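Shown next: target17.txt, given as compact mmCIF, C-alpha atoms.
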```
# COMPACT_ATOMS: atom_id res chain seq x y z
CA LYS A 147 -74.80 13.36 62.20
CA ASN A 148 -77.76 15.44 63.33
CA PRO A 149 -79.97 16.67 60.47
CA PHE A 150 -81.33 20.12 61.22
CA LEU A 151 -83.40 21.19 58.23
CA PRO A 152 -86.46 19.18 57.07
CA GLU A 153 -84.86 18.33 53.73
CA GLU A 154 -81.73 17.10 55.52
CA SER A 155 -83.89 14.85 57.69
CA VAL A 156 -85.56 13.42 54.59
CA VAL A 157 -82.26 12.63 52.89
CA ASP A 158 -80.83 11.16 56.09
CA ALA A 159 -83.88 8.92 56.60
CA LEU A 160 -83.76 7.72 52.98
CA ASP A 161 -80.03 7.00 53.36
CA ARG A 162 -80.66 4.86 56.43
CA MET A 163 -83.54 3.07 54.73
CA GLY A 164 -81.31 2.45 51.72
CA GLU A 165 -78.62 0.92 53.91
CA GLU A 166 -81.11 -1.47 55.50
CA PHE A 167 -82.53 -2.43 52.11
CA LYS A 168 -79.00 -3.06 50.82
CA ARG A 169 -78.29 -5.21 53.88
CA ARG A 170 -81.43 -7.26 53.28
CA LEU A 171 -80.49 -7.85 49.65
CA ALA A 172 -77.02 -8.99 50.69
CA ARG A 173 -78.46 -11.31 53.33
CA ALA A 174 -80.78 -12.89 50.76
CA GLY A 175 -78.03 -13.07 48.13
CA THR A 176 -80.14 -10.99 45.71
CA ASP A 177 -78.32 -8.99 43.04
CA PRO A 178 -80.69 -6.19 41.91
CA ARG A 179 -79.09 -6.18 38.45
CA GLU A 180 -79.59 -9.91 37.91
CA ASP A 181 -82.85 -10.34 39.80
CA PRO A 182 -84.78 -7.04 39.77
CA ARG A 183 -88.04 -8.86 40.46
CA GLY A 184 -86.66 -10.40 43.64
CA ALA A 185 -85.18 -7.06 44.66
CA LEU A 186 -88.49 -5.27 44.05
CA HIS A 187 -90.31 -7.85 46.14
CA ALA A 188 -87.80 -7.39 48.97
CA LEU A 189 -88.16 -3.62 48.71
CA THR A 190 -91.96 -3.78 48.80
CA GLU A 191 -91.82 -6.11 51.78
CA PHE A 192 -89.42 -3.76 53.58
CA LEU A 193 -91.44 -0.60 52.94
CA CYS A 194 -95.01 -1.90 53.09
CA GLY A 195 -94.80 -5.01 55.24
CA ARG A 196 -96.04 -5.07 58.80
CA LEU A 197 -93.73 -4.09 61.60
CA ALA A 198 -92.41 -7.22 63.29
CA GLY A 199 -94.25 -8.03 66.49
CA ARG A 200 -97.31 -5.91 65.67
CA ASP A 201 -100.75 -7.17 64.74
CA GLU A 202 -102.23 -6.42 61.33
CA THR A 203 -104.34 -3.50 62.58
CA PHE A 204 -101.32 -1.56 63.84
CA HIS A 205 -100.02 1.47 62.06
CA VAL A 206 -97.53 4.10 63.15
CA ASP A 207 -100.20 6.77 62.66
CA ASP A 208 -102.36 5.07 65.30
CA MET A 209 -99.74 5.26 68.06
CA ASP A 210 -99.88 7.64 70.99
CA PHE A 211 -96.36 9.05 71.15
CA ARG A 212 -97.09 10.77 74.47
CA GLU A 213 -96.89 7.38 76.16
CA MET A 214 -93.31 6.82 74.99
CA PRO A 215 -90.33 7.67 77.24
CA GLU A 216 -88.49 10.68 75.83
CA ALA A 217 -85.07 9.17 76.49
CA THR A 218 -85.82 5.90 74.73
CA HIS A 219 -84.96 7.01 71.21
CA GLU A 220 -84.66 3.43 70.00
CA LEU A 221 -88.41 3.05 70.51
CA ASN A 222 -89.28 6.21 68.61
CA PRO A 223 -91.19 5.03 65.52
CA HIS A 224 -90.43 8.16 63.50
CA LEU A 225 -88.16 7.41 60.56
CA LEU A 226 -86.98 11.02 60.61
CA HIS A 227 -85.46 10.62 64.05
CA PRO A 228 -81.67 10.19 63.59
CA LYS A 229 -81.63 7.45 66.24
CA PHE A 230 -84.53 5.50 64.79
CA ALA A 231 -83.70 1.79 64.99
CA MET A 232 -84.34 0.45 61.50
CA PRO A 233 -86.12 -2.93 61.77
CA THR A 234 -84.08 -5.87 60.51
CA GLU A 235 -87.20 -8.00 60.10
CA GLY A 236 -90.69 -7.19 58.87
CA GLY A 237 -91.61 -3.90 57.24
CA LEU A 238 -92.11 -0.21 57.89
CA GLY A 239 -95.86 -0.13 57.31
CA PHE A 240 -96.10 2.46 54.51
CA ARG A 241 -99.55 2.66 52.97
CA GLY A 242 -101.93 4.88 51.07
CA ALA A 243 -103.89 7.85 52.36
CA GLU A 244 -107.52 7.13 53.24
CA SER A 245 -106.38 3.84 54.78
CA VAL A 246 -106.25 5.62 58.14
CA VAL A 247 -108.95 7.82 59.63
CA THR A 248 -106.73 10.86 60.14
CA HIS A 249 -105.55 11.20 56.53
CA THR A 250 -107.59 12.05 53.46
CA TYR A 251 -106.28 11.60 49.94
CA TYR A 252 -106.31 15.32 49.14
CA ASP A 253 -104.50 16.46 52.26
CA PRO A 254 -101.61 18.61 50.92
CA MET A 255 -99.32 17.04 53.51
CA ASN A 256 -99.44 13.86 51.42
CA SER A 257 -97.37 15.71 48.82
CA SER A 258 -94.60 16.42 51.34
CA LEU A 259 -91.87 13.79 51.62
CA PHE A 260 -91.12 15.04 55.12
CA CYS A 261 -94.72 14.37 56.20
CA VAL A 262 -94.95 11.06 54.33
CA LEU A 263 -91.84 9.75 56.08
CA HIS A 264 -93.18 11.05 59.39
CA THR A 265 -96.57 9.31 59.13
CA ARG A 266 -95.76 6.58 56.57
CA VAL A 267 -98.96 7.53 54.79
CA GLY A 268 -99.01 9.10 51.34
CA ILE A 269 -100.46 9.30 47.86
CA PRO A 270 -99.21 7.15 44.97
CA ILE A 271 -96.66 9.65 43.65
CA THR A 272 -94.95 10.39 46.98
CA LEU A 273 -94.93 6.72 47.98
CA SER A 274 -93.41 5.87 44.59
CA ILE A 275 -90.73 8.53 45.10
CA VAL A 276 -89.87 7.01 48.48
CA MET A 277 -89.69 3.56 46.90
CA ALA A 278 -87.47 4.77 44.03
CA SER A 279 -85.21 6.71 46.40
CA VAL A 280 -84.58 3.71 48.63
CA ALA A 281 -84.14 1.43 45.60
CA SER A 282 -81.50 3.64 43.99
CA ARG A 283 -79.42 3.60 47.16
CA ALA A 284 -79.06 -0.16 46.78
CA GLY A 285 -78.40 -0.20 43.04
CA LEU A 286 -81.96 -0.97 41.90
CA LYS A 287 -83.08 1.29 39.04
CA VAL A 288 -86.76 2.21 39.09
CA ASP A 289 -88.95 3.58 36.30
CA PHE A 290 -92.00 5.73 37.01
CA ILE A 291 -95.31 4.95 35.32
CA ASN A 292 -97.94 7.59 34.70
CA ALA A 293 -101.04 5.42 34.92
CA HIS A 294 -104.54 6.79 34.40
CA GLY A 295 -105.60 8.38 37.68
CA HIS A 296 -102.66 6.81 39.47
CA PHE A 297 -98.88 6.76 39.69
CA ARG A 298 -96.63 3.81 40.35
CA CYS A 299 -93.15 2.50 39.67
CA GLY A 300 -91.46 -0.64 38.44
CA VAL A 301 -88.18 -2.26 37.44
CA ARG A 302 -87.12 -3.55 34.03
CA LYS A 303 -85.89 -7.01 33.14
CA GLU A 304 -84.63 -7.86 29.66
CA ASN A 305 -84.84 -11.40 28.27
CA PHE A 306 -87.18 -12.57 31.00
CA VAL A 307 -88.25 -16.19 30.52
CA ASP A 308 -92.03 -16.35 30.98
CA ASP A 309 -94.16 -19.35 31.94
CA HIS A 310 -94.24 -20.46 28.29
CA GLY A 311 -90.46 -20.43 27.96
CA GLU A 312 -90.47 -17.30 25.78
CA LEU A 313 -88.03 -14.42 26.18
CA ARG A 314 -89.64 -11.06 26.80
CA ASN A 315 -88.61 -7.60 27.93
CA VAL A 316 -90.82 -6.91 30.91
CA LEU A 317 -91.41 -4.50 33.74
CA PHE A 318 -92.21 -5.69 37.25
CA THR A 319 -94.36 -3.19 39.08
CA ALA A 320 -95.59 -2.77 42.64
CA ASP A 321 -98.00 -0.25 44.15
CA PRO A 322 -97.01 0.91 47.66
CA PHE A 323 -100.39 2.66 47.94
CA GLU A 324 -101.88 -0.79 48.58
CA GLY A 325 -99.91 -1.07 51.80
CA VAL A 326 -99.21 -4.59 53.01
CA GLU A 327 -101.24 -6.02 50.12
CA ALA A 328 -98.60 -4.69 47.70
CA VAL A 329 -96.17 -7.37 48.89
CA SER A 330 -98.18 -10.09 47.17
CA HIS A 331 -99.26 -7.97 44.19
CA VAL A 332 -96.04 -7.53 42.20
CA ARG A 333 -97.18 -7.55 38.56
CA THR A 334 -95.39 -8.43 35.32
CA ILE A 335 -96.21 -6.49 32.14
CA ASP A 336 -94.76 -6.37 28.63
CA TRP A 337 -92.30 -3.53 28.25
CA HIS A 338 -93.48 -2.72 24.72
CA ARG A 339 -96.97 -1.96 26.04
CA LEU A 340 -95.66 1.03 27.96
CA GLU A 341 -93.30 2.10 25.18
CA ASN A 342 -96.29 2.26 22.85
CA GLY A 343 -98.65 3.83 25.39
CA LEU A 344 -100.81 0.71 25.64
CA GLY A 345 -100.87 0.76 29.43
CA LEU A 346 -100.87 -1.78 32.23
CA ASP A 347 -104.26 -3.18 31.27
CA ALA A 348 -106.29 -3.55 28.10
CA GLY A 349 -107.76 -0.22 27.03
CA ALA A 350 -105.49 1.83 29.29
CA GLN A 351 -103.21 4.58 27.99
CA ASP A 352 -100.43 4.63 30.52
CA SER A 353 -96.92 5.83 29.80
CA LEU A 354 -93.43 5.98 31.23
CA VAL A 355 -92.38 9.19 32.96
CA PRO A 356 -89.13 10.19 31.21
CA SER A 357 -87.70 12.67 33.72
CA ALA A 358 -87.66 13.85 37.31
CA ARG A 359 -88.95 17.21 36.06
CA GLU A 360 -92.19 15.56 34.96
CA VAL A 361 -92.57 13.87 38.34
CA VAL A 362 -92.24 17.24 40.10
CA THR A 363 -94.64 18.83 37.60
CA ARG A 364 -97.27 16.22 38.39
CA MET A 365 -96.83 16.82 42.13
CA MET A 366 -97.26 20.56 41.61
CA ASN A 367 -100.38 19.97 39.52
CA ASN A 368 -101.80 17.89 42.38
CA LEU A 369 -101.25 20.79 44.77
CA LEU A 370 -102.80 23.27 42.34
CA LEU A 371 -105.93 21.12 42.22
CA ILE A 372 -106.07 21.00 46.02
CA TYR A 373 -105.61 24.73 46.54
```

What is this file in structure tokens?
Amino acid sequence: KNPFLPEESVVDALDRMGEEFKRRLARAGTDPREDPRGALHALTEFLCGRLAGRDETFHVDDMDFREMPEATHELNPHLLHPKFAMPTEGGLGFRGAESVVTHTYYDPMNSSLFCVLHTRVGIPITLSIVMASVASRAGLKVDFINAHGHFRCGVRKENFVDDHGELRNVLFTADPFEGVEAVSHVRTIDWHRLENGLGLDAGAQDSLVPSAREVVTRMMNNLLLIY
């Protein structure tokens, strides 16, 4: 299988990421339908965690690929490479734009999934799309949240028993834009807050994104603002 077109490379990379995420869930004995919170944590750790064996300052965007042997495909850190060796431990190092010197938030490349997978740097909406795409390949359903000035995703859990022993319908949400910090920042919010437009925090007016069309529309609006 040798993807030729950019969109084929994107789908192929997401498929391989999905397989590794599914393998990690199986290894941990986590059923995404029964334990969506645990599955979301594992997904965030896989996507945003540090690459095993690298120090905390390392990022794929900081590497000098000219120093790498051309024949050693297993060492190629590009997810889009069909022979990329998916790490079985640690994470892939995804994080938000402006966290590296070479990427600014309003770079139009941050709205391209091909470029985001290539650099592992993106804006909230493209990082959320990557997260949702990998999640769906392992049976984890993700909802998109249109937060004020931001975009993120989360997973639902009905009849969740909170710290007070009460049953609630909740949504667990993570923000891949935070990079490695997202692993320890999985939040729990009341589902009815979003259904009623109350938002993630007091005073906010966030809402659920009901369709893929609206996600694409928001991406196009971002590009219109840039250009």

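With CA of Tyr373 in chain A on one side and CA of Tyr251 in chain A on the other, the separation reads 13.6 Å.
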
Using only C-alpha atoms, can you tell me which of A:Val329, A:Val288, A:Val361, A:Leu160 comes closest to Leu225 in chain A? A:Leu160

Restricting the calculation to all atoms listed in the file, which member of A:Ile291, A:Leu286, A:Leu370, A:Leu259 is positioned closest to Ser155 in chain A?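 Going through A:Ile291, A:Leu286, A:Leu370, A:Leu259 one by one, the smallest distance to Ser155 in chain A is for A:Leu259.
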
Got a sec: who's within 9 Å of range 168-179 of chain A, counting all atoms listed in the file, leaving out chain neighbours fewer than 6 positions off, as a list in words? Ala185, Leu186, Ala188, Leu189, Phe192, Thr234, Glu235, Ala281, Arg283, Ala284, Gly285, Leu286, Lys287 and Lys303 of chain A

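Pairwise distance (CA of Glu324 in chain A, CA of Asp309 in chain A) equals 26.1 Å.
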
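Proximity of A:Gly236, A:Gly325, A:Gly195, A:Pro270 to Cys299 in chain A, computed with only C-alpha atoms, is greatest for A:Pro270.
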
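In this model, the gap between CA of Met232 in chain A and CA of Arg302 in chain A comes to 27.9 Å.
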
So, with all atoms listed in the file as the atoms that count, which of A:Gly184, A:Pro152, A:Gly268, A:Gly164 lies closest to Ala243 in chain A?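 Once distances to Ala243 in chain A are computed over all atoms listed in the file, the minimum belongs to A:Gly268.
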
Neighbouring residues of Val316 in chain A were defined as those with any atom within 9 Å, considering all atoms listed in the file; residues of the same chain fewer than 6 positions away were excluded. Please report them as a list of chain:residue names. A:Val301, A:Arg302, A:Lys303, A:Glu304, A:Asn305, A:Phe306, A:Thr334, A:Ile335, A:Asp336, A:Trp337, A:His338

Skip Met365 in chain A itself and residues of its chain fewer than 6 positions away, then list as a PDB file with C-alpha atoms, in the coordinates of the input all residues within 10 Å of it, counting all atoms listed in the file.
```
ATOM      1  CA  SER A 257     -97.370  15.710  48.820  1.00  0.00           C
ATOM      2  CA  SER A 258     -94.600  16.420  51.340  1.00  0.00           C
ATOM      3  CA  ILE A 271     -96.660   9.650  43.650  1.00  0.00           C
ATOM      4  CA  THR A 272     -94.950  10.390  46.980  1.00  0.00           C
ATOM      5  CA  ARG A 359     -88.950  17.210  36.060  1.00  0.00           C
TER       6      ARG A 359
END
```
